[in-house]
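Asks: So that you have it, the file is data_16.csv, and it contains CSV, N, CA and C atoms:
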chain,number,residue,atom,x,y,z
A,881,MET,N,61.1,-74.5,34.2
A,881,MET,CA,60.7,-74.7,32.8
A,881,MET,C,61.1,-73.5,32.0
A,882,ASP,N,60.9,-72.3,32.6
A,882,ASP,CA,61.2,-71.1,31.8
A,882,ASP,C,62.8,-71.1,31.6
A,883,ARG,N,63.5,-71.5,32.6
A,883,ARG,CA,64.9,-71.5,32.6
A,883,ARG,C,65.4,-72.4,31.5
A,884,ILE,N,64.8,-73.6,31.4
A,884,ILE,CA,65.1,-74.6,30.3
A,884,ILE,C,64.9,-74.0,29.0
A,885,ALA,N,63.7,-73.3,28.8
A,885,ALA,CA,63.4,-72.7,27.5
A,885,ALA,C,64.4,-71.6,27.1
A,886,LEU,N,64.7,-70.8,28.1
A,886,LEU,CA,65.7,-69.7,27.8
A,886,LEU,C,67.1,-70.3,27.4
A,887,GLU,N,67.5,-71.3,28.2
A,887,GLU,CA,68.8,-72.0,27.8
A,887,GLU,C,68.7,-72.6,26.5
A,888,ALA,N,67.6,-73.2,26.1
A,888,ALA,CA,67.5,-73.8,24.8
A,888,ALA,C,67.5,-72.8,23.7
A,889,ALA,N,66.9,-71.6,23.9
A,889,ALA,CA,66.9,-70.6,22.9
A,889,ALA,C,68.3,-70.0,22.8
A,890,ARG,N,69.1,-69.9,23.9
A,890,ARG,CA,70.4,-69.4,23.8
A,890,ARG,C,71.3,-70.4,23.1
A,891,GLN,N,71.1,-71.7,23.3
A,891,GLN,CA,71.9,-72.7,22.6
A,891,GLN,C,71.6,-72.7,21.1
A,892,LEU,N,70.3,-72.4,20.8
A,892,LEU,CA,69.9,-72.5,19.4
A,892,LEU,C,70.6,-71.5,18.6
A,893,PHE,N,70.9,-70.3,19.1
A,893,PHE,CA,71.5,-69.3,18.3
A,893,PHE,C,73.1,-69.3,18.5
A,894,SER,N,73.6,-70.1,19.3
A,894,SER,CA,75.0,-70.1,19.5
A,894,SER,C,75.6,-71.4,18.9
A,895,GLU,N,76.9,-71.3,18.7
A,895,GLU,CA,77.7,-72.5,18.1
A,895,GLU,C,77.2,-73.0,16.8
A,896,GLU,N,76.7,-72.2,16.0
A,896,GLU,CA,76.4,-72.5,14.5
A,896,GLU,C,75.8,-73.8,14.2
A,897,GLY,N,74.6,-74.0,14.5
A,897,GLY,CA,74.0,-75.3,14.1
A,897,GLY,C,73.8,-76.3,15.2
A,898,ALA,N,74.6,-76.2,16.2
A,898,ALA,CA,74.5,-77.1,17.3
A,898,ALA,C,73.2,-76.8,18.1
A,899,GLY,N,72.8,-75.6,18.0
A,899,GLY,CA,71.5,-75.2,18.6
A,899,GLY,C,70.3,-75.9,18.0
A,900,TRP,N,70.4,-76.1,16.7
A,900,TRP,CA,69.3,-76.8,16.0
A,900,TRP,C,69.1,-78.2,16.5
A,901,ILE,N,70.3,-78.8,16.8
A,901,ILE,CA,70.2,-80.2,17.3
A,901,ILE,C,69.6,-80.2,18.7
A,902,VAL,N,70.0,-79.2,19.5
A,902,VAL,CA,69.3,-79.0,20.8
A,902,VAL,C,67.8,-78.8,20.7
A,903,ALA,N,67.4,-78.0,19.7
A,903,ALA,CA,66.0,-77.7,19.5
A,903,ALA,C,65.3,-78.9,19.1
A,904,ALA,N,65.9,-79.7,18.2
A,904,ALA,CA,65.2,-81.0,17.8
A,904,ALA,C,65.1,-81.9,19.0
A,905,LEU,N,66.2,-82.1,19.8
A,905,LEU,CA,66.1,-83.0,20.9
A,905,LEU,C,65.1,-82.5,21.9
A,906,LEU,N,65.0,-81.2,22.1
A,906,LEU,CA,64.0,-80.6,23.0
A,906,LEU,C,62.6,-80.9,22.5
A,907,GLY,N,62.4,-80.8,21.2
A,907,GLY,CA,61.1,-81.1,20.6
A,907,GLY,C,60.7,-82.5,20.8
A,908,PHE,N,61.7,-83.4,20.6
A,908,PHE,CA,61.4,-84.9,20.9
A,908,PHE,C,61.1,-85.1,22.3
A,909,ALA,N,61.8,-84.4,23.2
A,909,ALA,CA,61.6,-84.6,24.6
A,909,ALA,C,60.2,-84.1,25.0
A,910,CYS,N,59.8,-83.0,24.4
A,910,CYS,CA,58.4,-82.5,24.7
A,910,CYS,C,57.3,-83.4,24.1
A,911,LEU,N,57.6,-84.0,22.9
A,911,LEU,CA,56.6,-84.9,22.4
A,911,LEU,C,56.5,-86.2,23.2
A,912,HIS,N,57.7,-86.6,23.7
A,912,HIS,CA,57.7,-87.8,24.6
A,912,HIS,C,56.9,-87.5,25.9
A,913,LEU,N,57.2,-86.4,26.5
A,913,LEU,CA,56.4,-86.0,27.7
A,913,LEU,C,54.9,-85.8,27.5
A,914,TYR,N,54.6,-85.3,26.3
A,914,TYR,CA,53.2,-85.1,26.0
A,914,TYR,C,52.5,-86.5,25.9
A,915,ARG,N,53.1,-87.4,25.2
A,915,ARG,CA,52.6,-88.8,25.1
A,915,ARG,C,52.5,-89.5,26.5
A,916,GLU,N,53.5,-89.3,27.3
A,916,GLU,CA,53.5,-89.9,28.7
A,916,GLU,C,52.4,-89.3,29.5
A,917,VAL,N,52.2,-88.0,29.4
A,917,VAL,CA,51.1,-87.4,30.2
A,917,VAL,C,49.7,-87.9,29.7
A,918,GLY,N,49.6,-88.1,28.4
A,918,GLY,CA,48.3,-88.6,27.8
A,918,GLY,C,48.1,-90.0,28.4
A,919,ARG,N,49.1,-90.9,28.4
A,919,ARG,CA,49.0,-92.3,28.9
A,919,ARG,C,48.6,-92.2,30.4
A,920,SER,N,49.3,-91.4,31.1
A,920,SER,CA,49.0,-91.2,32.5
A,920,SER,C,47.6,-90.8,32.8
A,921,GLN,N,47.1,-89.9,32.0
A,921,GLN,CA,45.7,-89.4,32.2
A,921,GLN,C,44.7,-90.6,31.8
A,922,GLU,N,45.0,-91.3,30.8
A,922,GLU,CA,44.2,-92.4,30.4
A,922,GLU,C,44.1,-93.5,31.5
A,923,ALA,N,45.3,-93.7,32.1
A,923,ALA,CA,45.4,-94.7,33.2
A,923,ALA,C,44.6,-94.2,34.4
A,924,ARG,N,44.7,-92.9,34.7
A,924,ARG,CA,43.9,-92.3,35.8
A,924,ARG,C,42.4,-92.4,35.6
A,925,ILE,N,42.0,-92.2,34.3
A,925,ILE,CA,40.6,-92.3,33.9
A,925,ILE,C,40.1,-93.7,34.1
A,926,GLY,N,41.0,-94.6,33.7
A,926,GLY,CA,40.6,-96.1,33.9
A,926,GLY,C,40.5,-96.4,35.3
A,927,ASP,N,41.4,-95.9,36.2
A,927,ASP,CA,41.4,-96.2,37.6
A,927,ASP,C,40.1,-95.6,38.2
A,928,ALA,N,39.8,-94.4,37.7
A,928,ALA,CA,38.6,-93.7,38.3
A,928,ALA,C,37.3,-94.5,37.9
A,929,GLY,N,37.3,-95.1,36.7
A,929,GLY,CA,36.2,-95.9,36.2
A,929,GLY,C,36.1,-97.2,37.1
A,930,ALA,N,37.3,-97.8,37.3
A,930,ALA,CA,37.3,-99.0,38.2
A,930,ALA,C,36.8,-98.7,39.6
A,931,THR,N,37.2,-97.5,40.1
A,931,THR,CA,36.8,-97.1,41.5
A,931,THR,C,35.3,-96.9,41.5
A,932,ALA,N,34.8,-96.2,40.5
A,932,ALA,CA,33.4,-96.0,40.4
A,932,ALA,C,32.6,-97.3,40.4
A,933,THR,N,33.1,-98.3,39.6
A,933,THR,CA,32.4,-99.6,39.5
A,933,THR,C,32.4,-100.3,40.9
A,934,ALA,N,33.6,-100.2,41.5
A,934,ALA,CA,33.7,-100.8,42.9
A,934,ALA,C,32.8,-100.2,43.9
A,935,LEU,N,32.7,-98.8,43.8
A,935,LEU,CA,31.8,-98.1,44.7
A,935,LEU,C,30.3,-98.5,44.4
A,936,GLU,N,30.0,-98.6,43.2
A,936,GLU,CA,28.6,-99.0,42.8
A,936,GLU,C,28.3,-100.4,43.3
A,937,ARG,N,29.2,-101.3,43.2
A,937,ARG,CA,29.0,-102.7,43.7
A,937,ARG,C,28.9,-102.7,45.2
A,938,ALA,N,29.7,-101.9,45.9
A,938,ALA,CA,29.6,-101.8,47.3
A,938,ALA,C,28.3,-101.2,47.7
A,939,SER,N,27.8,-100.2,47.0
A,939,SER,CA,26.5,-99.6,47.3
A,939,SER,C,25.4,-100.6,47.1
A,940,GLN,N,25.5,-101.4,46.1
A,940,GLN,CA,24.5,-102.5,45.9
A,940,GLN,C,24.5,-103.5,47.0
A,941,ALA,N,25.7,-103.9,47.4
A,941,ALA,CA,25.9,-104.8,48.5
A,941,ALA,C,25.3,-104.2,49.8
A,942,ASN,N,25.6,-102.9,50.0
A,942,ASN,CA,25.1,-102.3,51.2
A,942,ASN,C,23.6,-102.2,51.2
A,943,SER,N,23.0,-102.0,50.0
A,943,SER,CA,21.5,-102.0,49.9
A,943,SER,C,21.0,-103.4,50.2
A,944,ALA,N,21.6,-104.4,49.7
A,944,ALA,CA,21.2,-105.8,50.0
A,944,ALA,C,21.2,-106.1,51.4
A,945,VAL,N,22.3,-105.7,52.1
A,945,VAL,CA,22.5,-105.9,53.5
A,945,VAL,C,21.4,-105.1,54.3
A,946,ALA,N,21.1,-103.9,53.9
A,946,ALA,CA,20.1,-103.1,54.6
A,946,ALA,C,18.7,-103.8,54.4
A,947,LEU,N,18.4,-104.3,53.2
A,947,LEU,CA,17.1,-105.0,53.0
A,947,LEU,C,17.1,-106.3,53.9
A,948,ALA,N,18.2,-107.0,53.9
A,948,ALA,CA,18.2,-108.2,54.8
A,948,ALA,C,18.0,-107.9,56.2
A,949,ILE,N,18.6,-106.8,56.7
A,949,ILE,CA,18.5,-106.4,58.1
A,949,ILE,C,17.0,-106.0,58.4
A,950,GLU,N,16.4,-105.3,57.4
A,950,GLU,CA,15.0,-104.9,57.6
A,950,GLU,C,14.1,-106.1,57.6
A,951,SER,N,14.4,-107.1,56.7
A,951,SER,CA,13.6,-108.3,56.7
A,951,SER,C,13.7,-109.0,58.0
A,952,ARG,N,15.0,-109.1,58.5
A,952,ARG,CA,15.2,-109.8,59.8
A,952,ARG,C,14.5,-109.1,60.9
A,953,THR,N,14.5,-107.8,60.9
A,953,THR,CA,13.8,-107.0,61.9
A,953,THR,C,12.3,-107.3,61.9
A,954,ARG,N,11.7,-107.4,60.7
A,954,ARG,CA,10.3,-107.7,60.6
A,954,ARG,C,10.0,-109.1,61.1
A,955,VAL,N,10.9,-110.1,60.8
A,955,VAL,CA,10.7,-111.4,61.3
A,955,VAL,C,10.8,-111.5,62.8
A,956,LEU,N,11.8,-110.7,63.4
A,956,LEU,CA,11.9,-110.7,64.9
A,956,LEU,C,10.7,-110.1,65.5
A,957,GLU,N,10.1,-109.0,64.9
A,957,GLU,CA,8.9,-108.4,65.4
A,957,GLU,C,7.8,-109.4,65.4
A,958,ASP,N,7.6,-110.1,64.3
A,958,ASP,CA,6.6,-111.1,64.1
A,958,ASP,C,6.7,-112.2,65.2
A,959,LEU,N,8.0,-112.7,65.4
A,959,LEU,CA,8.2,-113.7,66.4
A,959,LEU,C,7.9,-113.2,67.8
A,960,SER,N,8.3,-112.0,68.1
A,960,SER,CA,8.0,-111.4,69.4
A,960,SER,C,6.5,-111.3,69.6
A,961,ARG,N,5.7,-110.9,68.6
A,961,ARG,CA,4.3,-110.8,68.7
A,961,ARG,C,3.7,-112.2,68.9
A,962,LEU,N,4.2,-113.2,68.2
A,962,LEU,CA,3.7,-114.5,68.3
A,962,LEU,C,4.0,-115.1,69.7
A,963,ALA,N,5.2,-114.8,70.2
A,963,ALA,CA,5.5,-115.3,71.5
A,963,ALA,C,4.6,-114.7,72.6
A,964,SER,N,4.3,-113.4,72.4
A,964,SER,CA,3.5,-112.8,73.4
A,964,SER,C,2.0,-113.3,73.3
A,965,GLU,N,1.6,-113.6,72.1
A,965,GLU,CA,0.2,-114.3,72.0
A,965,GLU,C,0.2,-115.6,72.6
A,966,ILE,N,1.3,-116.4,72.4
A,966,ILE,CA,1.4,-117.7,73.0
A,966,ILE,C,1.4,-117.6,74.5
A,967,SER,N,2.2,-116.6,75.0
A,967,SER,CA,2.2,-116.4,76.5
A,967,SER,C,0.9,-116.1,77.1
A,968,ARG,N,0.1,-115.2,76.4
A,968,ARG,CA,-1.2,-114.9,76.9
A,968,ARG,C,-2.1,-116.1,76.8
A,969,GLY,N,-2.0,-117.0,75.8
A,969,GLY,CA,-2.8,-118.2,75.7
A,969,GLY,C,-2.4,-119.1,76.8
A,970,VAL,N,-1.2,-119.3,77.1
A,970,VAL,CA,-0.7,-120.1,78.2
A,970,VAL,C,-1.3,-119.6,79.6
A,971,ASP,N,-1.2,-118.3,79.8
A,971,ASP,CA,-1.7,-117.7,81.0
A,971,ASP,C,-3.2,-118.0,81.1
A,972,ARG,N,-4.0,-117.9,80.0
A,972,ARG,CA,-5.4,-118.2,80.1
A,972,ARG,C,-5.6,-119.7,80.4
A,973,SER,N,-4.9,-120.5,79.7
A,973,SER,CA,-5.0,-122.0,80.0
A,973,SER,C,-4.6,-122.3,81.4
A,974,ASP,N,-3.6,-121.7,81.9
A,974,ASP,CA,-3.2,-121.9,83.3
A,974,ASP,C,-4.3,-121.5,84.3
A,975,GLU,N,-4.9,-120.4,84.0
A,975,GLU,CA,-6.0,-119.9,84.8
A,975,GLU,C,-7.2,-120.8,84.8
A,976,ARG,N,-7.6,-121.3,83.6
A,976,ARG,CA,-8.7,-122.3,83.5
A,976,ARG,C,-8.3,-123.6,84.2
A,977,ALA,N,-7.1,-124.0,84.0
A,977,ALA,CA,-6.6,-125.2,84.7
A,977,ALA,C,-6.7,-125.1,86.2
A,978,ARG,N,-6.3,-123.9,86.7
A,978,ARG,CA,-6.3,-123.6,88.2
A,978,ARG,C,-7.8,-123.6,88.7
A,979,GLU,N,-8.7,-123.0,87.9
A,979,GLU,CA,-10.1,-123.0,88.2
A,979,GLU,C,-10.6,-124.4,88.3
A,980,LYS,N,-10.3,-125.2,87.3
A,980,LYS,CA,-10.8,-126.6,87.3
A,980,LYS,C,-10.2,-127.4,88.5
A,981,PHE,N,-8.9,-127.2,88.7
A,981,PHE,CA,-8.3,-127.9,89.8
A,981,PHE,C,-8.9,-127.5,91.2
A,982,ASP,N,-9.2,-126.2,91.3
A,982,ASP,CA,-9.8,-125.7,92.6
A,982,ASP,C,-11.2,-126.3,92.7
A,983,GLU,N,-11.9,-126.4,91.6
A,983,GLU,CA,-13.3,-127.0,91.6
A,983,GLU,C,-13.2,-128.5,92.0
A,984,ILE,N,-12.2,-129.2,91.5
A,984,ILE,CA,-12.0,-130.6,91.9
A,984,ILE,C,-11.7,-130.7,93.3
A,985,LEU,N,-10.8,-129.8,93.8
A,985,LEU,CA,-10.4,-129.9,95.3
A,985,LEU,C,-11.6,-129.5,96.1
A,986,ARG,N,-12.5,-128.6,95.7
A,986,ARG,CA,-13.6,-128.2,96.4
A,986,ARG,C,-14.6,-129.4,96.5
A,987,ARG,N,-14.8,-130.1,95.4
A,987,ARG,CA,-15.7,-131.2,95.4
A,987,ARG,C,-15.2,-132.3,96.2
A,988,LEU,N,-13.9,-132.6,96.1
A,988,LEU,CA,-13.3,-133.6,97.0
A,988,LEU,C,-13.5,-133.3,98.5
A,989,SER,N,-13.3,-132.0,98.8
A,989,SER,CA,-13.5,-131.6,100.1
A,989,SER,C,-15.0,-131.7,100.6
A,990,GLU,N,-15.9,-131.4,99.7
A,990,GLU,CA,-17.3,-131.6,100.0
A,990,GLU,C,-17.7,-133.0,100.2
A,991,THR,N,-17.1,-133.9,99.4
A,991,THR,CA,-17.3,-135.3,99.4
A,991,THR,C,-16.8,-135.8,100.8
A,992,ARG,N,-15.7,-135.4,101.2
A,992,ARG,CA,-15.1,-135.8,102.5
A,992,ARG,C,-16.0,-135.4,103.7
A,993,HIS,N,-16.5,-134.1,103.6
A,993,HIS,CA,-17.3,-133.6,104.7
A,993,HIS,C,-18.6,-134.3,104.7
A,994,GLU,N,-19.2,-134.7,103.6
A,994,GLU,CA,-20.4,-135.4,103.5
A,994,GLU,C,-20.3,-136.9,104.1
A,995,GLY,N,-19.1,-137.4,103.8
A,995,GLY,CA,-18.8,-138.8,104.2
A,995,GLY,C,-18.7,-138.9,105.7
A,996,ARG,N,-18.4,-138.0,106.4
A,996,ARG,CA,-18.2,-138.1,107.8
A,996,ARG,C,-19.4,-138.1,108.6
Kindly return the structure encoded in the file as structure tokens.
Replies:
Amino acid sequence: MDRIALEAARQLFSEEGAGWIVAALLGFACLHLYREVGRSQEARIGDAGATATALERASQANSAVALAIESRTRVLEDLSRLASEISRGVDRSDERAREKFDEILRRLSETRHEGR
């Protein structure tokens, strides 16, 4: 960049007026580059905004997924507790049924022994 500026300054003072044309063209080139840089920065800012929006949406989606997983975990814990309660109830019922069945067998046995 420094070399270009030095060459432009040398051309400005040489060849009687042709340097002024070079200076004007250089000024137009600088103006054009300034505008392009501004547009590029605006585009980058827009891209950064779009990225921030996408990240926010992804964060909200991740939060929703985390809540759904937590809810599912609670439901599974409740189902596990319910299944264990049912299992205990079945064990108790089986025990009572065995006791009644044993009592019936005992009475049948007594009845057979008395009948002989």
Asks: Find the distance between atom C of Thr991 (chain A) and CA of Glu979 (chain A) and write it in Å to one decimal.
Replies: 19.2 Å
Asks: Please report, as JSON lines, each residue of region 900-996 of chain A lying at most 12 Å from region 883-886 of chain A, together with the nearest pair of atoms and the separation in Å rounded to one decimal; use only C-alpha atoms, and order rows by chain and ascending residue number.
Replies:
{"residue": "A:Val902", "atom": "CA", "partner": "A:Ala885", "partner_atom": "CA", "distance": 10.9}
{"residue": "A:Ala903", "atom": "CA", "partner": "A:Ala885", "partner_atom": "CA", "distance": 9.8}
{"residue": "A:Leu906", "atom": "CA", "partner": "A:Ala885", "partner_atom": "CA", "distance": 9.1}
{"residue": "A:Gly907", "atom": "CA", "partner": "A:Ala885", "partner_atom": "CA", "distance": 11.1}
{"residue": "A:Cys910", "atom": "CA", "partner": "A:Ala885", "partner_atom": "CA", "distance": 11.4}
Asks: Using CA of Thr933 (chain A) and atom C of Glu950 (chain A) as the two end points, give the distance in Å to one decimal.
Replies: 26.5 Å
Asks: As an exercise, work out the distance from CA of Gly918 (chain A) to CA of Thr931 (chain A) in Å and give it to one decimal place.
Replies: 19.8 Å
